[in-house]
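Working notes for the structure below.
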Amino acid sequence: MHWRRRLLGGLALVAVLLTTACEFSGPQSAMSPAGPVAQAQLDIFMWTYWLSWPVMILVGGVLAYALYRFRAKGEEDGTAIPHQTHGNTQLEIAWTIIPVILVVLVAVPTVRTIFASEYRIEREQYTADDVIVRATGYQWWFKFEYPNEGFVTANEMVIPVGRRVIVELDSADVLHAFWVPNLAGKRDMIPNQDNQVWFSADAPGVYYGQCAELCLGAHAYMRFRVIAMDEADYAAWVDAFQRGAELTQAVQGDPLVEQGRQLMAQKGCIGCHTVDGFYPGVTVGNPDYPDLTNFGLRTTVGAAIRDNTPEHLAAWIRDPQVMKPGNRMPTLWTADDPDAEEEAAALAAYLLSLGAPADETTASLGGTHGDR
Amino acid sequence: MAIGKLGAPPVVGQPPNTLLTRPTWTEGLFSWLTTVDHKRLGILYLVTSFIFFGLGSIEALLIRLQLAIPDNTLLSPDVYNQMFTMHGVTMVFLAIMPMGIGLANYFVPLQIGARDLAFPRLNAFGYWVYFVGGLFIYTSLFLGGAPDVGWVAYAPLTSLSNNPGLGTDFYMIGLFVSGIGTLVTAMNLIVTVINMRAPGMTMMRVPMFTWMMLITSFLIIFAFPPLTVALFQVMMDRTFDTLFYVPAAGALPILWQHLFWIFGHPEVYIIILPAFGVISEVIPTFSRKPLFGYPVVILSGIFIGFMGFAVWTHHMFTTGLGPVVNTAFALTSMVIGIPTGIKVFNWLGTIWGGKVRFTTSMLYAIAFLITFTLGGITGIMLAVPPFTAQAHDTYFVVAHFHFVMGGGALLAFISGLYYWFPKMTGKLLDERLGKLTFWILVPSFWLIFFPQHFAGLMGMPRRTQTFVPGIGLELWNLLSTVGALIMGVGLILFVLNIILGFARGKPAGNDPWDARTLEWSTTSPPPYYDFDRQPVVNDRDAHWVQKYPESVHGERVPESASEPYDRGGAHIPGQSWYPFVAAMALLPFSYGWLYDNMWVVGISMFVVIVATYAWALEGVGGKHIPVGDARRDADAGHGEGGRP
């Protein structure tokens with residue numbers, strides 16, 4: 001009996017340590033909300049969490065007490081016959097009412113929160129202040145269109161702090177889900193169904209998102225980021241995107257970048273990927289593949305799985321299957337191609353030059369985007 | 001009931017058709033293939049379901065090893081997707097649900113004082129169809145890859161353009177076929193419980209396990225058709241190019257989710273209600289008290305079953321159905337917490353004032369109470385749509401349903417197995433090893449699944465082959481994996497205990513637990529005819545009242561019925577080849593459909609139809625047994641042996 005009690009004590013201690021000493025916040029945690037929608041969702045969870053304690057204590061306490069008090073004491077007591085009670089109407093009524101009260105205590109705030117956080121905003125209700133983004137899920141990346149601003153990007157959604165962001169959701173193939181735990185709960189992206197999620201951010205920051213609906217292949221690495229900026233920084237970012245072609249022209253001349261630009265065409269990259277201004281005045285690429293316009297402004301590679309450094313980008317281009325198994329980007333070189341490393345580096349240099357001078361791009365990695 | 005009263009039907013000398021004569025093996029392989037004895041079929045169900053449980057556990061262990069560390073590459077995404085899909089399909093359809101059905105096969109007739117199920121050959125057919133369905137799905141591992149779309153197989157992931165491999169076909173056809181077996185068994189159980197109760201056993205005297213199986217059977221009958229329709233639609237899409245789930249043709253893929261979950265939510269009650277039944281047998285027996293509030297427990301079960309059909313969209317809170325729909329289904333889902341809470345309180349009321357004996361079976365029942373209560377609480381949390389917007393499709397949900405399905409249903413069935421093993425084999429399981437296993441199994445179960453709540457809250461979606469480092473998920477996943485390895489050891493000890501029990505368990509006697517219901521009044525294991533005399537029931541807990549009448553009635557012990565109900569003897573059904581043949585023909589049928597070979601499909605269907613007709617025309621068969629003690633000598637060496 002002794003070791004058993006010690007075991008139970010140990011387990012209880014571990015449980016207490018785990019639940020109290022640990023940090024539950026994080027860039028992808030529902031426990032560290034950074035906007036009113038996520039805050040409301042956390043609040044209702046915490047309400048049910050605190051309500052669950054008395055239930056667990058009541059059930060566990062009564063069970064433990066009853067087991068101790070009514071244990072058979074030895075062989076003989078185990079064959080004694082206790083009073084054969086069949087039931088008790090008062091008790092039955094009492095423990096029907098207890099769960100009813102608990103359910104009401106949960107239900108009322110639930111309904112209030114549903115109608116406060118899940119209503120749909122129709123298009124005619126959009127205001128000039130709202131930021132509208134059309135998000136489309138693809139196997140295994142996200143396309144973000146800014147219809148009012150008139151450009152397209154991928155895997156990184158930039159938003160201004162404090163303004164309502166309305167994301168119109170669609171899918172190009174199978175089900176996906178749009179989920180940024182810090183900002184709002186998930187909403188599924190379903191073909192032929194106009195779904196929507198809206199939220200706003202309280203503070204500048206980088207908030208992690210991830211696809212939450214099984215889409216096979218590289219589903220686990222189908223990630224994205226929402227980057228919230230101050231109003232001025234956001235305006236600068238939008239401006240940079242709108243002038244993407246212009247900025248790109250500005251950096252031509254660096255031999256490595258120029259080699260990368262030529263490879264972009266030779267290797268067939270532009271058959272899928274759009275780069276605004278690649279051929280001035282001519283649009284190339286396919287809208288169903290990630291748009292690489294202003295790639296130098298991005299913070300990540302491969303749908304938000306690595307920081308956007310020249311090394312990561314070159315490694316990604318060299319063999320995408322290493323970093324993100326199952327994804328659909330082809331490997332352009334055979335394993336023993338002697339030119340592969342150099343060409344991949346050139347492509348990386350070209351891509352990083354898009355939207356910003358190359359030196360500034362590398363300098364600002366990992367930092368804020370505020371300078372632009 | 002009618003067996004005795006009407007007198008036994010005359011034994012038919014020569015069957016009307018002689019395609020396959022009715023076999024009479026009592027031992028060996030053929031006796032098992034042709035058996036119609038509910039006890040043998042119950043054992044077949046239990047053994048098969050535990051084999052599938054072992055396979056599902058191996059898949060779970062591979063999943064946990066892959067998720068031990070971030071960015072792990074042990075399993076490729078493709079293999080990983082197959083593993084969790086097969087784990088889900090196996091545990092839900094091939095392991096946990098058949099465990100309940102297996103126990104029901106064995107104990108429902110015994111609990112109501114019947115000699116078999118109402119349709120013994122249909123029962124055999126049901127088992128073999130389940131066997132064929134499971135076998136078929138598992139051969140996918142060797143035939144180009146298992147299903148990889150999750151156990152919910154959401155459209156349009158299952159359409160031919162998104163999933164050209166055969167895995168999805170294995171899923172659809174396999175569940176389609178095994179569903180037939182589940183359906184016929186459910187109908188069989190309903191007819192049995194309604195019609196074949198012992199004289200005097202009114203519905204309000206039926207043991208709780210049997211009651212819960214009756215409710216479960218109704219759930220099966222109403223829940224499986226929508227699933228069958230949905231499976232059929234997808235197979236039509238994949239085989240005949242229909243467009244039910246092809247978005248390019250304008251299809252709304254959400255339809256699959258509605259059809260799947262209007263099956264899927266009752267399905268979880270199909271799994272948990274038999275577990276409630278087992279707990280409602282174990283706790284009274286080891287507390288030596290009747291079940292507290294018996295009518296209320298039945299009513300709660302019926303209410304849970306009924307409401308089970310009104311909550312399915314709580315699996316779809318994030319699909320954008322709008323605040324009104326989400327509110328309606330949030331409220332119906334929360335309401336289910338009320339009857340479930342009532343049941344938990346009634347089990348506590350049963351323990352209160354009793355004489356509790358801490359057998360292994362009782363320990364598992366206690367672990368069930370705690371684990372299931374926690375799973376129920378997270379269930380209420382998940383009935384809150386704004387919270388589910390965060391928790392849906394994360395490890396929080398994984399933790400929740402493992403607490404109710406694993407910690408609930410599985411622990412209850414293990415409890416039931418320790419409870420009924422002596423009845424099934426006549427041998428006791430080793431209690432020391434049993435308790436040691438318990439103290440490994442249950443804490444390790446908590447170690448696996450409790451940390452997953454935190455992983456989910458911190459942003460880990462389910463069905464992902466790996467997770468990225470640096471967002472706080474490492475510790476929780478590592479704890480889970482360590483727990484899984486320990487639980488693996490526990491499960492091996494559990495199997496060892498069962499094998500040792502078979503090999504050299506101590507003799508159990510008829511009633512080792514001093515239990516309450518009719519199955520404990522016959523020998524262990526019961527003879528093929530179940531009872532020497534047709535039991536006559538005057539009270540709830542019939543066997544207990546027979547043993548200790550004064551504990552229930554005080555001094556006024558009622559006279560038992562003087563007239564024996566079976567003075568004419570009883571009729572025992574005979575073995576048959578046809579259920580086995582008809583079920584086995586569904587195997588080539590499935591492969592024919594899989595490989596689009598309509599000739600094989602046609603010929604297999606022809607065999608099924610011929611076998612079914614021959615089965616119908618086979619005649620009564622079986623044999624008549626005289627009453628009482630003379631029975632044992634009369635038929636030695638003939639027909640069903642009944643003993644494992």
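For the structure tokens, the naming scheme is as follows: chains receive sequential letters (A, B, ...) according to their order of presentation, residues are indexed from 1 within each chain, and ligands are indexed from 1 in presentation order.
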
Can you check which residues of chain A have any atom within 7 Å of chain B? Use only C-alpha atoms and format it as a PDB file with C-alpha atoms, in the first residue's frame.
ATOM      1  CA  PHE A  24       1.596  28.393 -22.005  1.00  0.00           C
ATOM      2  CA  GLY A  26       3.726  31.344 -27.495  1.00  0.00           C
ATOM      3  CA  PRO A  27       3.622  32.711 -31.012  1.00  0.00           C
ATOM      4  CA  GLN A  28       1.070  30.041 -31.944  1.00  0.00           C
ATOM      5  CA  SER A  29      -0.707  29.635 -28.615  1.00  0.00           C
ATOM      6  CA  ALA A  30      -4.393  30.209 -28.032  1.00  0.00           C
ATOM      7  CA  MET A  31      -3.361  31.090 -24.483  1.00  0.00           C
ATOM      8  CA  GLN A  41     -12.328  32.883 -27.114  1.00  0.00           C
ATOM      9  CA  LEU A  42      -9.802  32.521 -24.306  1.00  0.00           C
ATOM     10  CA  ILE A  44     -14.932  31.681 -22.406  1.00  0.00           C
ATOM     11  CA  PHE A  45     -12.443  28.810 -22.153  1.00  0.00           C
ATOM     12  CA  THR A  48     -15.367  26.705 -18.333  1.00  0.00           C
ATOM     13  CA  SER A  52     -14.602  22.381 -14.130  1.00  0.00           C
ATOM     14  CA  GLY A  60     -13.228  12.908  -7.200  1.00  0.00           C
ATOM     15  CA  LEU A  63     -15.506   8.916  -4.990  1.00  0.00           C
ATOM     16  CA  ALA A  66     -16.872   6.623  -0.544  1.00  0.00           C
ATOM     17  CA  LEU A  67     -14.187   4.168  -1.570  1.00  0.00           C
ATOM     18  CA  PHE A  70     -17.139   1.837   2.398  1.00  0.00           C
ATOM     19  CA  ARG A  71     -14.163  -0.375   1.633  1.00  0.00           C
ATOM     20  CA  ALA A  72     -14.509  -4.004   2.631  1.00  0.00           C
ATOM     21  CA  GLY A  78     -16.249  -8.504   1.949  1.00  0.00           C
ATOM     22  CA  ILE A  81     -24.391  -7.736   2.811  1.00  0.00           C
ATOM     23  CA  PRO A  82     -24.976  -3.998   3.047  1.00  0.00           C
ATOM     24  CA  GLN A  84     -29.755  -3.024  -0.655  1.00  0.00           C
ATOM     25  CA  THR A  85     -30.751   0.566  -1.469  1.00  0.00           C
ATOM     26  CA  HIS A  86     -32.314   0.939  -4.899  1.00  0.00           C
ATOM     27  CA  GLY A  87     -32.333   4.696  -5.105  1.00  0.00           C
ATOM     28  CA  TRP A  95     -28.041  15.576  -9.020  1.00  0.00           C
ATOM     29  CA  THR A  96     -30.190  16.296 -12.021  1.00  0.00           C
ATOM     30  CA  PRO A  99     -25.597  19.533 -13.992  1.00  0.00           C
ATOM     31  CA  VAL A 100     -28.519  21.640 -15.251  1.00  0.00           C
ATOM     32  CA  VAL A 103     -24.876  23.776 -18.184  1.00  0.00           C
ATOM     33  CA  ALA A 107     -24.511  28.175 -22.009  1.00  0.00           C
ATOM     34  CA  THR A 110     -21.364  30.856 -24.737  1.00  0.00           C
ATOM     35  CA  VAL A 111     -24.297  32.201 -26.694  1.00  0.00           C
ATOM     36  CA  THR A 113     -19.700  35.068 -27.220  1.00  0.00           C
ATOM     37  CA  ILE A 114     -20.949  33.280 -30.346  1.00  0.00           C
ATOM     38  CA  PHE A 115     -23.010  36.246 -31.415  1.00  0.00           C
ATOM     39  CA  GLU A 118     -18.832  34.700 -35.074  1.00  0.00           C
ATOM     40  CA  TYR A 119     -21.234  36.875 -37.029  1.00  0.00           C
ATOM     41  CA  VAL A 174      -9.097  20.200 -50.854  1.00  0.00           C
ATOM     42  CA  PRO A 181      -4.297  31.304 -32.636  1.00  0.00           C
ATOM     43  CA  GLY A 185      -9.814  30.745 -33.926  1.00  0.00           C
ATOM     44  CA  LYS A 186      -9.782  28.769 -37.141  1.00  0.00           C
ATOM     45  CA  ARG A 187     -12.228  28.769 -39.992  1.00  0.00           C
ATOM     46  CA  ASP A 188     -12.250  26.128 -42.718  1.00  0.00           C
ATOM     47  CA  PRO A 191     -14.168  24.841 -52.181  1.00  0.00           C
ATOM     48  CA  ASN A 192     -17.409  26.444 -53.437  1.00  0.00           C
ATOM     49  CA  ASN A 195     -16.297  31.478 -45.629  1.00  0.00           C
ATOM     50  CA  ALA A 212      -5.497  22.886 -39.428  1.00  0.00           C
ATOM     51  CA  GLU A 213      -7.424  20.683 -41.822  1.00  0.00           C
ATOM     52  CA  LEU A 214      -5.735  17.557 -43.194  1.00  0.00           C
ATOM     53  CA  GLY A 217       1.530  15.716 -48.359  1.00  0.00           C
ATOM     54  CA  ALA A 218       3.276  18.630 -46.709  1.00  0.00           C
ATOM     55  CA  HIS A 219       0.261  19.520 -44.517  1.00  0.00           C
ATOM     56  CA  ALA A 220       2.442  19.741 -41.393  1.00  0.00           C
TER      57      ALA A 220
END

Test item: residues at most 9 Å from Thr216 (chain B), only C-alpha atoms, excluding those fewer than 4 positions along its chain, as a ChimeraX atom specification: /B:186,211-212,220-221,266,269-274,305

Secondary structure check, strand (DSSP E or B) residues of region 354-528 of chain B, as a VMD selection string: chain B and resid 356 394 427 461 507

Using only C-alpha atoms, which residues sit within 6 Å of Tyr350 (chain A) once same-chain residues fewer than 2 positions away are excluded, as a short mmCIF file (atom, residue, chain, number, x, y, z; two decimals) with C-alpha atoms, in the first residue's frame?
data_model
loop_
_atom_site.label_atom_id
_atom_site.label_comp_id
_atom_site.auth_asym_id
_atom_site.auth_seq_id
_atom_site.Cartn_x
_atom_site.Cartn_y
_atom_site.Cartn_z
CA VAL A 257 21.48 39.12 -59.32
CA GLY A 260 19.72 34.81 -61.11
CA ARG A 261 17.32 36.80 -63.24
CA LEU A 347 18.51 32.58 -57.91
CA ALA A 348 18.39 33.31 -54.19
CA LEU A 352 16.09 38.60 -52.31
CA SER A 353 16.70 41.66 -54.45
#

CA of Ser217 (chain B) to CA of Gly308 (chain B), straight-line distance in Å: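 Separation between CA of Gly308 (chain B) and CA of Ser217 (chain B): 13.3 Å.
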